[in-house]
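A.B. asks: This is the content of protein.txt (compact mmCIF, C-alpha atoms):
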```
# COMPACT_ATOMS: atom_id res chain seq x y z
CA MET A 1 -107.60 -50.73 -3.95
CA HIS A 2 -105.39 -53.75 -4.17
CA ILE A 3 -103.62 -55.25 -7.14
CA MET A 4 -106.13 -57.42 -8.96
CA GLU A 5 -105.92 -61.19 -9.19
CA GLY A 6 -103.56 -62.27 -11.95
CA PHE A 7 -102.19 -58.82 -12.65
CA LEU A 8 -98.67 -59.46 -11.49
CA ASP A 9 -96.59 -61.63 -13.73
CA THR A 10 -93.81 -64.02 -12.78
CA PRO A 11 -91.42 -63.23 -11.07
CA TRP A 12 -93.11 -60.29 -9.38
CA TRP A 13 -95.84 -62.03 -7.46
CA GLN A 14 -93.41 -64.65 -6.12
CA LEU A 15 -90.96 -61.92 -5.18
CA TRP A 16 -93.53 -60.05 -3.07
CA PHE A 17 -94.53 -63.29 -1.39
CA ALA A 18 -90.88 -63.88 -0.53
CA VAL A 19 -90.72 -60.45 1.08
CA SER A 20 -94.04 -60.61 2.92
CA VAL A 21 -94.19 -64.17 4.23
CA PRO A 22 -91.27 -63.83 6.69
CA VAL A 23 -92.84 -60.64 8.10
CA ILE A 24 -96.23 -62.35 8.51
CA LEU A 25 -94.61 -65.31 10.26
CA TYR A 26 -92.69 -63.01 12.57
CA GLY A 27 -95.92 -61.10 13.21
CA ILE A 28 -97.77 -64.31 14.14
CA TYR A 29 -94.94 -65.23 16.51
CA LYS A 30 -94.98 -61.78 18.09
CA MET A 31 -98.74 -61.77 18.38
CA ASN A 32 -98.83 -65.18 20.08
CA ARG A 33 -96.19 -64.10 22.55
CA LEU A 34 -97.94 -60.83 23.32
CA VAL A 35 -101.31 -62.51 23.83
CA SER A 36 -99.92 -65.23 26.09
CA GLU A 37 -98.06 -62.64 28.17
CA LYS A 38 -100.94 -60.17 28.45
CA ARG A 39 -104.33 -61.69 27.85
CA GLU A 40 -106.01 -58.37 28.50
CA ILE A 41 -104.70 -56.95 25.21
CA LEU A 42 -106.85 -59.38 23.22
CA PRO A 43 -109.84 -56.99 23.05
CA LEU A 44 -107.52 -54.21 21.90
CA LEU A 45 -106.18 -56.47 19.17
CA ALA A 46 -109.77 -57.14 18.12
CA VAL A 47 -110.49 -53.40 18.03
CA ALA A 48 -107.48 -52.76 15.79
CA GLY A 49 -108.43 -55.63 13.47
CA ALA A 50 -112.06 -54.57 13.35
CA PHE A 51 -111.06 -51.03 12.43
CA ILE A 52 -109.20 -52.39 9.39
CA PHE A 53 -112.30 -54.42 8.48
CA VAL A 54 -114.55 -51.38 8.60
CA LEU A 55 -112.28 -48.93 6.82
CA SER A 56 -111.16 -51.21 4.02
CA ALA A 57 -114.81 -52.01 3.24
CA LEU A 58 -115.68 -48.38 2.60
CA LYS A 59 -115.11 -47.31 -0.97
CA LEU A 60 -115.12 -43.56 -0.84
CA PRO A 61 -115.36 -40.99 -3.59
CA SER A 62 -112.31 -38.79 -3.94
CA VAL A 63 -111.78 -35.32 -5.35
CA THR A 64 -110.25 -36.87 -8.47
CA GLY A 65 -113.61 -38.27 -9.56
CA SER A 66 -112.69 -41.85 -8.83
CA SER A 67 -113.13 -43.91 -5.72
CA SER A 68 -110.93 -45.99 -3.48
CA HIS A 69 -110.89 -47.17 0.10
CA PRO A 70 -108.81 -46.35 3.16
CA THR A 71 -106.77 -49.09 4.84
CA GLY A 72 -107.25 -48.61 8.59
CA THR A 73 -103.92 -50.25 9.37
CA GLY A 74 -102.38 -47.20 11.05
CA ILE A 75 -104.10 -47.84 14.39
CA ALA A 76 -102.76 -51.38 14.56
CA ALA A 77 -99.31 -50.14 13.59
CA ILE A 78 -99.23 -47.56 16.38
CA MET A 79 -100.51 -50.00 19.01
CA PHE A 80 -98.75 -53.21 18.02
CA GLY A 81 -96.08 -52.34 15.44
CA PRO A 82 -95.82 -53.23 11.74
CA ALA A 83 -95.29 -57.01 12.13
CA ILE A 84 -98.58 -57.65 13.93
CA SER A 85 -100.32 -55.20 11.57
CA SER A 86 -99.24 -57.37 8.66
CA VAL A 87 -101.07 -60.34 10.20
CA LEU A 88 -104.27 -58.33 10.66
CA GLY A 89 -103.94 -56.90 7.15
CA THR A 90 -103.52 -60.41 5.72
CA ILE A 91 -106.80 -61.54 7.32
CA VAL A 92 -108.70 -58.69 5.66
CA LEU A 93 -106.97 -59.23 2.32
CA LEU A 94 -107.86 -62.93 2.41
CA TYR A 95 -111.52 -62.12 3.09
CA GLN A 96 -111.57 -59.72 0.15
CA ALA A 97 -109.70 -62.08 -2.16
CA PHE A 98 -111.98 -65.04 -1.40
CA PHE A 99 -115.40 -63.42 -1.17
CA LEU A 100 -115.14 -60.23 -3.19
CA ALA A 101 -112.71 -61.00 -6.01
CA HIS A 102 -111.04 -57.82 -4.73
CA GLY A 103 -107.29 -58.19 -4.75
CA GLY A 104 -106.28 -61.80 -5.25
CA LEU A 105 -104.39 -64.84 -4.06
CA THR A 106 -101.47 -64.54 -6.47
CA THR A 107 -101.17 -60.85 -5.69
CA LEU A 108 -101.64 -61.41 -1.95
CA GLY A 109 -97.91 -61.11 -1.25
CA ALA A 110 -97.70 -57.76 -3.02
CA ASN A 111 -100.85 -56.46 -1.35
CA VAL A 112 -99.75 -57.57 2.11
CA PHE A 113 -96.48 -55.76 1.49
CA SER A 114 -98.17 -52.46 0.60
CA MET A 115 -101.09 -52.52 3.05
CA GLY A 116 -99.76 -54.69 5.86
CA ILE A 117 -96.07 -53.85 5.95
CA ALA A 118 -95.02 -50.64 4.14
CA GLY A 119 -98.00 -48.52 5.23
CA PRO A 120 -97.87 -49.62 8.89
CA LEU A 121 -94.10 -49.23 8.99
CA VAL A 122 -94.36 -45.62 7.86
CA ALA A 123 -97.23 -44.99 10.30
CA TYR A 124 -95.17 -46.49 13.11
CA LEU A 125 -92.08 -44.42 12.30
CA VAL A 126 -94.06 -41.18 11.93
CA TYR A 127 -95.77 -41.88 15.25
CA LYS A 128 -92.50 -42.52 17.08
CA ALA A 129 -90.86 -39.44 15.58
CA GLY A 130 -93.88 -37.27 16.33
CA MET A 131 -94.09 -38.39 19.96
CA LYS A 132 -90.39 -37.79 20.41
CA ALA A 133 -90.86 -34.27 19.07
CA ARG A 134 -93.63 -33.83 21.68
CA ILE A 135 -96.27 -32.73 19.20
CA ASN A 136 -99.93 -33.00 20.26
CA PHE A 137 -100.77 -36.70 20.53
CA TYR A 138 -103.92 -36.69 18.41
CA PHE A 139 -102.21 -34.69 15.70
CA VAL A 140 -99.38 -37.23 15.65
CA VAL A 141 -101.92 -40.06 15.30
CA PHE A 142 -103.52 -38.14 12.43
CA LEU A 143 -100.19 -37.67 10.65
CA ALA A 144 -99.04 -41.25 11.22
CA THR A 145 -102.24 -42.90 10.00
CA ALA A 146 -102.68 -40.53 7.06
CA PHE A 147 -99.10 -41.08 5.89
CA GLY A 148 -99.47 -44.83 6.42
CA ASP A 149 -102.60 -44.91 4.28
CA TRP A 150 -101.01 -42.86 1.55
CA THR A 151 -97.81 -44.92 1.60
CA THR A 152 -99.82 -48.06 0.92
CA TYR A 153 -101.08 -46.61 -2.34
CA ALA A 154 -97.76 -45.07 -3.29
CA VAL A 155 -96.22 -48.51 -2.85
CA THR A 156 -98.98 -50.13 -4.92
CA SER A 157 -98.18 -47.64 -7.70
CA ALA A 158 -94.50 -48.52 -7.47
CA GLN A 159 -95.23 -52.25 -7.50
CA LEU A 160 -97.25 -51.90 -10.69
CA ALA A 161 -94.67 -49.60 -12.27
CA LEU A 162 -91.98 -52.21 -11.54
CA ALA A 163 -94.04 -54.94 -13.15
CA TYR A 164 -95.18 -52.78 -16.09
CA PRO A 165 -92.40 -50.31 -16.89
CA GLU A 166 -92.89 -48.08 -19.91
CA GLY A 167 -91.91 -49.92 -23.07
CA GLY A 168 -91.73 -53.24 -21.22
CA ILE A 169 -88.07 -53.04 -20.27
CA LEU A 170 -87.28 -52.15 -16.70
CA THR A 171 -84.90 -49.21 -16.35
CA LEU A 172 -84.95 -46.36 -13.88
CA GLY A 173 -86.39 -44.06 -16.54
CA SER A 174 -89.16 -46.40 -17.68
CA PHE A 175 -90.00 -47.21 -14.07
CA LEU A 176 -90.32 -43.53 -13.17
CA ALA A 177 -92.39 -42.78 -16.27
CA GLN A 178 -94.84 -45.51 -15.37
CA LEU A 179 -94.79 -44.59 -11.69
CA LYS A 180 -96.23 -41.24 -12.76
CA VAL A 181 -99.10 -42.97 -14.57
CA PHE A 182 -100.02 -45.29 -11.71
CA GLY A 183 -99.28 -42.61 -9.15
CA ALA A 184 -101.84 -40.38 -10.87
CA ILE A 185 -104.42 -43.13 -10.44
CA PHE A 186 -103.69 -44.38 -6.93
CA ALA A 187 -101.63 -41.90 -4.96
CA LEU A 188 -103.55 -38.83 -6.06
CA THR A 189 -106.98 -40.33 -5.43
CA GLN A 190 -105.79 -41.47 -2.05
CA LEU A 191 -104.66 -38.08 -0.71
CA PRO A 192 -108.07 -36.88 0.52
CA LEU A 193 -108.97 -40.38 1.71
CA ALA A 194 -105.75 -40.50 3.71
CA ILE A 195 -106.73 -37.25 5.42
CA MET A 196 -110.13 -38.70 6.31
CA GLU A 197 -108.56 -41.89 7.60
CA GLY A 198 -106.17 -39.87 9.74
CA ALA A 199 -109.01 -37.85 11.25
CA VAL A 200 -111.15 -40.89 12.07
CA SER A 201 -108.15 -42.77 13.49
CA ALA A 202 -107.34 -39.88 15.81
CA LEU A 203 -110.93 -39.97 17.04
CA LEU A 204 -110.85 -43.73 17.70
CA PHE A 205 -107.63 -43.27 19.63
CA LYS A 206 -109.32 -40.69 21.80
CA TYR A 207 -111.89 -43.26 22.90
CA VAL A 208 -109.27 -45.91 23.52
CA VAL A 209 -107.28 -43.47 25.67
CA ASN A 210 -110.45 -42.58 27.57
CA VAL A 211 -111.33 -46.14 28.49
CA LYS A 212 -108.09 -48.09 28.43
CA SER A 213 -105.08 -45.78 28.67
CA GLU A 214 -103.25 -47.92 31.24
CA ILE A 215 -102.77 -50.71 28.73
CA LEU A 216 -101.30 -48.27 26.19
CA VAL A 217 -98.83 -47.11 28.84
CA GLU A 218 -97.99 -50.71 29.69
CA MET A 219 -97.36 -51.50 26.02
CA LYS A 220 -95.16 -48.39 25.82
CA VAL A 221 -97.39 -46.83 23.16
CA LEU A 222 -97.91 -43.80 25.37
CA GLU A 223 -95.99 -42.31 28.26
CA ALA A 224 -97.85 -41.97 31.54
CA ALA A 225 -97.12 -38.23 31.53
CA VAL A 226 -98.76 -37.83 28.12
CA VAL A 227 -101.86 -39.70 29.30
CA ARG A 228 -102.17 -37.45 32.35
CA LYS A 229 -101.93 -34.42 30.11
CA LEU A 230 -104.54 -35.77 27.66
CA ARG A 231 -106.87 -36.65 30.51
CA GLY A 232 -106.34 -33.25 32.08
CA SER A 233 -107.24 -31.38 28.93
CA SER A 234 -109.50 -34.23 27.73
CA ALA A 235 -109.39 -32.88 24.20
CA MET B 236 -115.55 -33.42 28.52
CA SER B 237 -114.32 -31.37 25.62
CA ARG B 238 -115.61 -32.21 22.18
CA LYS B 239 -112.97 -30.31 20.23
CA LEU B 240 -111.59 -33.33 18.41
CA GLU B 241 -115.06 -34.55 17.42
CA ILE B 242 -115.87 -31.16 15.93
CA ILE B 243 -112.62 -31.03 13.94
CA VAL B 244 -113.13 -34.55 12.57
CA LEU B 245 -116.73 -33.82 11.69
CA ALA B 246 -115.68 -30.63 9.90
CA ILE B 247 -113.10 -32.53 7.82
CA LEU B 248 -115.65 -35.18 6.83
CA LEU B 249 -118.21 -32.50 6.05
CA ILE B 250 -115.84 -30.65 3.73
CA PHE B 251 -115.31 -33.82 1.70
CA ALA B 252 -119.01 -34.64 1.69
CA ILE B 253 -119.94 -31.20 0.40
CA GLN B 254 -117.19 -31.34 -2.17
CA PHE B 255 -118.52 -34.71 -3.34
CA VAL B 256 -122.11 -33.55 -3.59
CA TYR B 257 -121.06 -30.45 -5.50
CA MET B 258 -118.72 -32.25 -7.87
CA SER B 259 -120.97 -35.20 -8.59
CA SER B 260 -123.83 -32.88 -9.52
CA THR B 261 -121.79 -30.46 -11.65
CA THR B 262 -119.37 -32.78 -13.48
CA ASP B 263 -119.80 -36.16 -15.11
CA ALA B 264 -117.11 -37.86 -13.04
CA GLU B 265 -117.79 -41.59 -12.91
CA TYR B 266 -116.24 -42.38 -9.54
CA MET B 267 -114.87 -45.59 -10.92
CA GLY B 268 -112.70 -47.73 -8.67
CA THR B 269 -108.97 -47.09 -8.97
CA ASP B 270 -108.25 -50.80 -9.39
CA GLY B 271 -110.39 -50.88 -12.51
CA GLN B 272 -108.51 -47.88 -13.86
CA ALA B 273 -105.19 -49.58 -13.20
CA GLU B 274 -106.47 -52.65 -15.02
CA ASP B 275 -107.33 -50.53 -18.05
CA THR B 276 -103.95 -48.82 -17.92
CA ILE B 277 -102.15 -52.16 -17.86
CA LYS B 278 -104.18 -53.36 -20.83
CA GLU B 279 -103.31 -50.15 -22.65
CA ILE B 280 -99.57 -50.42 -21.95
CA THR B 281 -99.40 -54.00 -23.08
CA GLY B 282 -101.45 -53.23 -26.16
CA GLY B 283 -104.44 -55.26 -25.01
CA ALA B 284 -102.34 -58.40 -25.07
CA TYR B 285 -102.15 -58.89 -21.34
CA GLU B 286 -103.64 -62.09 -20.04
CA PRO B 287 -103.98 -62.22 -16.26
CA VAL B 288 -101.88 -65.08 -14.92
CA ALA B 289 -104.74 -66.19 -12.67
CA GLU B 290 -108.47 -65.75 -12.33
CA PRO B 291 -110.34 -65.18 -9.06
CA LEU B 292 -111.61 -68.49 -7.68
CA TRP B 293 -115.08 -67.04 -7.19
CA GLN B 294 -116.60 -63.74 -8.14
CA PRO B 295 -119.69 -62.10 -6.71
CA PRO B 296 -122.30 -62.78 -9.42
CA SER B 297 -123.62 -59.21 -9.37
CA GLY B 298 -122.91 -55.74 -8.08
CA GLU B 299 -125.62 -56.24 -5.46
CA ILE B 300 -123.97 -59.34 -4.06
CA GLU B 301 -120.65 -57.55 -4.05
CA SER B 302 -122.03 -54.63 -2.04
CA LEU B 303 -123.72 -57.14 0.28
CA LEU B 304 -120.35 -58.70 1.06
CA PHE B 305 -118.65 -55.32 1.45
CA GLY B 306 -121.48 -54.27 3.75
CA LEU B 307 -121.09 -57.48 5.72
CA GLN B 308 -117.37 -56.82 6.11
CA ALA B 309 -118.05 -53.34 7.49
CA ALA B 310 -120.82 -54.64 9.75
CA ILE B 311 -118.64 -57.35 11.27
CA GLY B 312 -115.92 -54.80 11.91
CA ALA B 313 -118.28 -52.22 13.38
CA GLY B 314 -119.90 -54.82 15.63
CA VAL B 315 -116.60 -56.02 17.07
CA LEU B 316 -115.40 -52.44 17.47
CA GLY B 317 -118.51 -51.35 19.35
CA TYR B 318 -118.58 -54.47 21.51
CA PHE B 319 -115.06 -54.14 22.83
CA LEU B 320 -115.10 -50.37 23.28
CA GLY B 321 -118.34 -50.80 25.22
CA TYR B 322 -116.81 -53.65 27.21
CA TYR B 323 -113.83 -51.52 28.23
CA ARG B 324 -116.04 -48.56 29.04
CA ALA B 325 -118.43 -50.52 31.23
CA LYS B 326 -115.58 -52.37 32.92
CA LYS B 327 -113.86 -49.13 33.78
CA LYS B 328 -117.06 -47.63 35.13
CA TYR B 329 -117.76 -50.70 37.23
CA GLU B 330 -114.24 -50.77 38.61
CA ASN B 331 -114.40 -47.09 39.52
CA GLU B 332 -117.71 -47.50 41.34
CA HIS B 333 -116.41 -50.57 43.10
CA ALA B 334 -113.30 -48.74 44.21
CA CYS B 335 -115.40 -45.83 45.50
CA LYS B 336 -117.62 -48.17 47.51
CA ARG B 337 -114.70 -49.96 49.09
CA LYS B 338 -113.12 -46.66 50.00
CA SER B 339 -116.22 -45.32 51.71
CA ASN B 340 -116.72 -48.65 53.49
CA SER B 341 -113.21 -48.66 54.94
CA GLU B 342 -113.65 -45.05 56.06
CA GLY B 343 -116.78 -46.05 57.92
CA ASP B 344 -114.90 -48.86 59.61
CA SER B 345 -112.16 -46.62 60.89
CA GLN B 346 -114.71 -44.26 62.38
CA SER B 347 -116.48 -47.00 64.27
CA LEU B 348 -113.29 -48.17 65.83
```
Just give me the structure of the file as structure tokens.
C.D. replies:
Amino acid sequence: MHIMEGFLDTPWWQLWFAVSVPVILYGIYKMNRLVSEKREILPLLAVAGAFIFVLSALKLPSVTGSSSHPTGTGIAAIMFGPAISSVLGTIVLLYQAFFLAHGGLTTLGANVFSMGIAGPLVAYLVYKAGMKARINFYFVVFLATAFGDWTTYAVTSAQLALAYPEGGILTLGSFLAQLKVFGAIFALTQLPLAIMEGAVSALLFKYVVNVKSEILVEMKVLEAAVVRKLRGSSA
Amino acid sequence: MSRKLEIIVLAILLIFAIQFVYMSSTTDAEYMGTDGQAEDTIKEITGGAYEPVAEPLWQPPSGEIESLLFGLQAAIGAGVLGYFLGYYRAKKKYENEHACKRKSNSEGDSQSL
């Protein structure tokens, strides 16, 4: 779930815009360059964007007795990196802000930061580290996307705790106290959903590897040796 | 083609589904959205005095319309996803068949020479 319209006071909503806008602009620049260099990645970009559309529309029940939705941004982060993911995330957040009163325009900067930047960045880093450690590819995708999903909600909790510290005055102590409260709502609910998102993302990646692995190698997402191994075992 | 990954993913989803069915029938959990809970928490912290600094420009007039638009979002995404995965799959198949044909043709040529 995103921060609701109007629920971040000045200066917080402006601050998150200031952080997010440069990343979005860089992402648009990177995306344009990538598409003009390799037109054949356009369908893959659409797949990554569509996955975010599907997953962030599904409000799922969690073990905590409340419901929330996954983000789906991990796939885009692994394929294209965090900057381009932030552009795709922004598109989805705009749809939800305009048509669903879910999230909002004033809180867009903060929501883009959590869902489009922080989550994908963590997913990207986990993926790179996991591949370097030569762990099973699909398990790495699972870990990366699950952590990315969870990070988004941990960051949302932190953003709210910063804006609403306990007692109204922002100190480390009051921030942490409130982080616990929001963390109990968001981060805890999200744990099982993050696991589900990781599992489904790994499965989608399997199909992409099956039909279009050469483009992943070309984009340096996967090494050719890893693809051969995956194809050989065809897990 | 091995289906190991599909089985694992299905098992994970099944565990959560069973857990949900069990819990929703034995407890009175409301499965309220986390954003609504956060809203309540913020109102509580600020002693009910909090006024949102902005209102949504437009709100779905009912829960039905809201689920329509959420459903639409998922449908658009699923459609695009299926289209392009199918496109890649068919393209690859076609290219493979084409390559096979060309190979067998050129072999035939060399024999006739």
A.B. asks: I want to know what sits within 9 Å of stretch 90-93 of chain A, based on all atoms listed in the file, with residues of the same chain fewer than 4 positions away left out; could you give that as a list in words?
C.D. replies: His2, Ile24, Gly49, Ile52, Phe53, Ser56, Ser85, Ser86, Ala97, Phe98, His102, Gly103, Gly104, Leu105, Leu108, Gly109, Asn111, Val112, Met115 and Gly116 of chain A; Gln308 of chain B
A.B. asks: Would you put the residues from that selection into a file with C-alpha atoms, as a tab-separated table (two decimals), in the frame of the given file?
C.D. replies:
```
chain	number	residue	atom	x	y	z
A	2	HIS	CA	-105.39	-53.75	-4.17
A	24	ILE	CA	-96.23	-62.35	8.51
A	49	GLY	CA	-108.43	-55.63	13.47
A	52	ILE	CA	-109.20	-52.39	9.39
A	53	PHE	CA	-112.30	-54.42	8.48
A	56	SER	CA	-111.16	-51.21	4.02
A	85	SER	CA	-100.32	-55.20	11.57
A	86	SER	CA	-99.24	-57.37	8.66
A	97	ALA	CA	-109.70	-62.08	-2.16
A	98	PHE	CA	-111.98	-65.04	-1.40
A	102	HIS	CA	-111.04	-57.82	-4.73
A	103	GLY	CA	-107.29	-58.19	-4.75
A	104	GLY	CA	-106.28	-61.80	-5.25
A	105	LEU	CA	-104.39	-64.84	-4.06
A	108	LEU	CA	-101.64	-61.41	-1.95
A	109	GLY	CA	-97.91	-61.11	-1.25
A	111	ASN	CA	-100.85	-56.46	-1.35
A	112	VAL	CA	-99.75	-57.57	2.11
A	115	MET	CA	-101.09	-52.52	3.05
A	116	GLY	CA	-99.76	-54.69	5.86
B	308	GLN	CA	-117.37	-56.82	6.11
```
A.B. asks: Which residue, A:Thr145, A:Ser20, A:Ser213, A:Ser67, has the smallest gap to B:Tyr323 when you use all atoms listed in the file?
C.D. replies: A:Ser213
A.B. asks: I want to know what sits within 8 Å of stretch 270-287 of chain B, based on only C-alpha atoms, with residues of the same chain fewer than 5 positions away left out; could you give that as a PyMOL selection string?
C.D. replies: chain A and resi 1-9+164+166-168+182+185
A.B. asks: Compile the contact shell of A:Lys128 as a list in words: residues with an atom at most 12 Å away, counting all atoms listed in the file, same-chain residues fewer than 4 positions apart removed.
C.D. replies: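 Residues meeting the cut-off are Ala77, Ile78, Met79, Gly81, Leu121, Val122, Ala123, Tyr124, Lys132, Ala133, Arg134, Ile135, Phe137, Val140, Val141, Leu143, Ala144, Lys220, Val221, Leu222 and Glu223 of chain A.
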A.B. asks: Take atom CA of A:Val209 and atom CA of A:Val126 and report the distance between them in Å, one decimal.
C.D. replies: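 Distance between the two atoms: 19.2 Å.
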A.B. asks: Counting only C-alpha atoms, which residues of chain B sit at most 6 Å from some atom of chain A, and what is each one's closest atom pair with its distance in Å to one decimal, listed by chain and rising residue number, as CSV?
C.D. replies:
```
residue,atom,partner,partner_atom,distance
B:Ser237,CA,A:Ala235,CA,5.3
B:Lys239,CA,A:Ala235,CA,5.9
B:Val244,CA,A:Ala199,CA,5.4
B:Ala264,CA,A:Gly65,CA,5.0
B:Tyr266,CA,A:Ser66,CA,3.7
B:Met267,CA,A:Ser66,CA,4.8
B:Gly268,CA,A:Ser67,CA,4.8
B:Thr269,CA,A:Ser68,CA,5.9
B:Asp270,CA,A:Met1,CA,5.5
B:Pro287,CA,A:Gly6,CA,4.3
B:Val288,CA,A:Gly6,CA,4.4
B:Ala289,CA,A:Gly6,CA,4.2
B:Pro291,CA,A:Ala101,CA,5.7
B:Gln294,CA,A:Ala101,CA,5.2
B:Phe305,CA,A:Ala57,CA,5.4
B:Ala309,CA,A:Val54,CA,4.2
B:Gly312,CA,A:Ala50,CA,4.1
B:Leu316,CA,A:Val47,CA,5.0
B:Phe319,CA,A:Pro43,CA,6.0
B:Tyr323,CA,A:Val211,CA,5.9
B:Arg324,CA,A:Val211,CA,5.3
```
A.B. asks: Could you write out the selected residues, including C-alpha atoms, as an mmCIF file, in the frame of the given file?
C.D. replies:
```cif
data_model
loop_
_atom_site.group_PDB
_atom_site.id
_atom_site.type_symbol
_atom_site.label_atom_id
_atom_site.label_comp_id
_atom_site.auth_asym_id
_atom_site.auth_seq_id
_atom_site.Cartn_x
_atom_site.Cartn_y
_atom_site.Cartn_z
ATOM 1 C CA SER B 237 -114.320 -31.370 25.620
ATOM 2 C CA LYS B 239 -112.970 -30.310 20.230
ATOM 3 C CA VAL B 244 -113.130 -34.550 12.570
ATOM 4 C CA ALA B 264 -117.110 -37.860 -13.040
ATOM 5 C CA TYR B 266 -116.240 -42.380 -9.540
ATOM 6 C CA MET B 267 -114.870 -45.590 -10.920
ATOM 7 C CA GLY B 268 -112.700 -47.730 -8.670
ATOM 8 C CA THR B 269 -108.970 -47.090 -8.970
ATOM 9 C CA ASP B 270 -108.250 -50.800 -9.390
ATOM 10 C CA PRO B 287 -103.980 -62.220 -16.260
ATOM 11 C CA VAL B 288 -101.880 -65.080 -14.920
ATOM 12 C CA ALA B 289 -104.740 -66.190 -12.670
ATOM 13 C CA PRO B 291 -110.340 -65.180 -9.060
ATOM 14 C CA GLN B 294 -116.600 -63.740 -8.140
ATOM 15 C CA PHE B 305 -118.650 -55.320 1.450
ATOM 16 C CA ALA B 309 -118.050 -53.340 7.490
ATOM 17 C CA GLY B 312 -115.920 -54.800 11.910
ATOM 18 C CA LEU B 316 -115.400 -52.440 17.470
ATOM 19 C CA PHE B 319 -115.060 -54.140 22.830
ATOM 20 C CA TYR B 323 -113.830 -51.520 28.230
ATOM 21 C CA ARG B 324 -116.040 -48.560 29.040
#
```
A.B. asks: In Å to one decimal, how far is atom CA of B:Asp263 from atom CA of B:Leu245?
C.D. replies: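 Rounded to one decimal, the two atoms are 27.1 Å apart.
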A.B. asks: May I ask for the distance between atom CA of A:Pro82 and atom CA of A:Leu179, given in Å to one decimal place?
C.D. replies: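 Atom-to-atom, atom CA of A:Pro82 to atom CA of A:Leu179, that is 25.0 Å.
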A.B. asks: Nearest to A:Ile41 among A:Phe175, A:Ala83, A:Val155, A:Glu218, with distances taken over all atoms listed in the file: which residue is it?
C.D. replies: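 Answer, going by the shortest atom-to-atom distance: A:Glu218.
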A.B. asks: I'd like the contact shell of A:Ile28 - 7 Å cut-off, only C-alpha atoms, skipping same-chain residues fewer than 4 positions apart - returned as a list in words.
C.D. replies: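 After dropping sequence-adjacent residues, the list is Ile24, Asn32, Ile84 and Val87 of chain A.
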A.B. asks: Using C-alpha atoms, can you export the residues from the last selection as a tab-separated table (two decimals), in the frame of the given file?
C.D. replies:
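Produced file part_18.tsv, reproduced below:
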```tsv
chain	number	residue	atom	x	y	z
A	24	ILE	CA	-96.23	-62.35	8.51
A	32	ASN	CA	-98.83	-65.18	20.08
A	84	ILE	CA	-98.58	-57.65	13.93
A	87	VAL	CA	-101.07	-60.34	10.20
```
A.B. asks: Counting all atoms listed in the file, which of A:Leu88, A:Met219, A:Val23, A:Leu176 gets nearest to A:Gly72?
C.D. replies: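 Result for the nearest residue to A:Gly72: A:Leu88.
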A.B. asks: Kindly reconstruct stretch 169-181 of chain A with N, CA and C atoms and present the result as a short mmCIF file (atom, residue, chain, number, x, y, z; two decimals), in the coordinates of the input.
C.D. replies:
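out-v2.cif, freshly written:
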```
data_model
loop_
_atom_site.label_atom_id
_atom_site.label_comp_id
_atom_site.auth_asym_id
_atom_site.auth_seq_id
_atom_site.Cartn_x
_atom_site.Cartn_y
_atom_site.Cartn_z
N ILE A 169 -89.40 -52.71 -20.79
CA ILE A 169 -88.07 -53.04 -20.27
C ILE A 169 -87.79 -52.18 -19.05
N LEU A 170 -87.41 -52.84 -17.96
CA LEU A 170 -87.28 -52.15 -16.70
C LEU A 170 -85.95 -51.40 -16.60
N THR A 171 -86.04 -50.06 -16.67
CA THR A 171 -84.90 -49.21 -16.35
C THR A 171 -85.42 -48.17 -15.38
N LEU A 172 -84.51 -47.39 -14.83
CA LEU A 172 -84.95 -46.36 -13.88
C LEU A 172 -85.91 -45.39 -14.57
N GLY A 173 -85.57 -45.03 -15.81
CA GLY A 173 -86.39 -44.06 -16.54
C GLY A 173 -87.79 -44.60 -16.84
N SER A 174 -87.85 -45.83 -17.31
CA SER A 174 -89.16 -46.40 -17.68
C SER A 174 -89.98 -46.67 -16.43
N PHE A 175 -89.30 -47.00 -15.34
CA PHE A 175 -90.00 -47.21 -14.07
C PHE A 175 -90.63 -45.91 -13.60
N LEU A 176 -89.83 -44.82 -13.65
CA LEU A 176 -90.32 -43.53 -13.17
C LEU A 176 -91.46 -43.02 -14.05
N ALA A 177 -91.34 -43.24 -15.36
CA ALA A 177 -92.39 -42.78 -16.27
C ALA A 177 -93.70 -43.46 -15.94
N GLN A 178 -93.62 -44.77 -15.66
CA GLN A 178 -94.84 -45.51 -15.37
C GLN A 178 -95.36 -45.23 -13.97
N LEU A 179 -94.40 -44.93 -13.06
CA LEU A 179 -94.79 -44.59 -11.69
C LEU A 179 -95.70 -43.36 -11.71
N LYS A 180 -95.39 -42.44 -12.62
CA LYS A 180 -96.23 -41.24 -12.76
C LYS A 180 -97.64 -41.62 -13.14
N VAL A 181 -97.76 -42.56 -14.08
CA VAL A 181 -99.10 -42.97 -14.57
C VAL A 181 -99.90 -43.62 -13.45
#
```
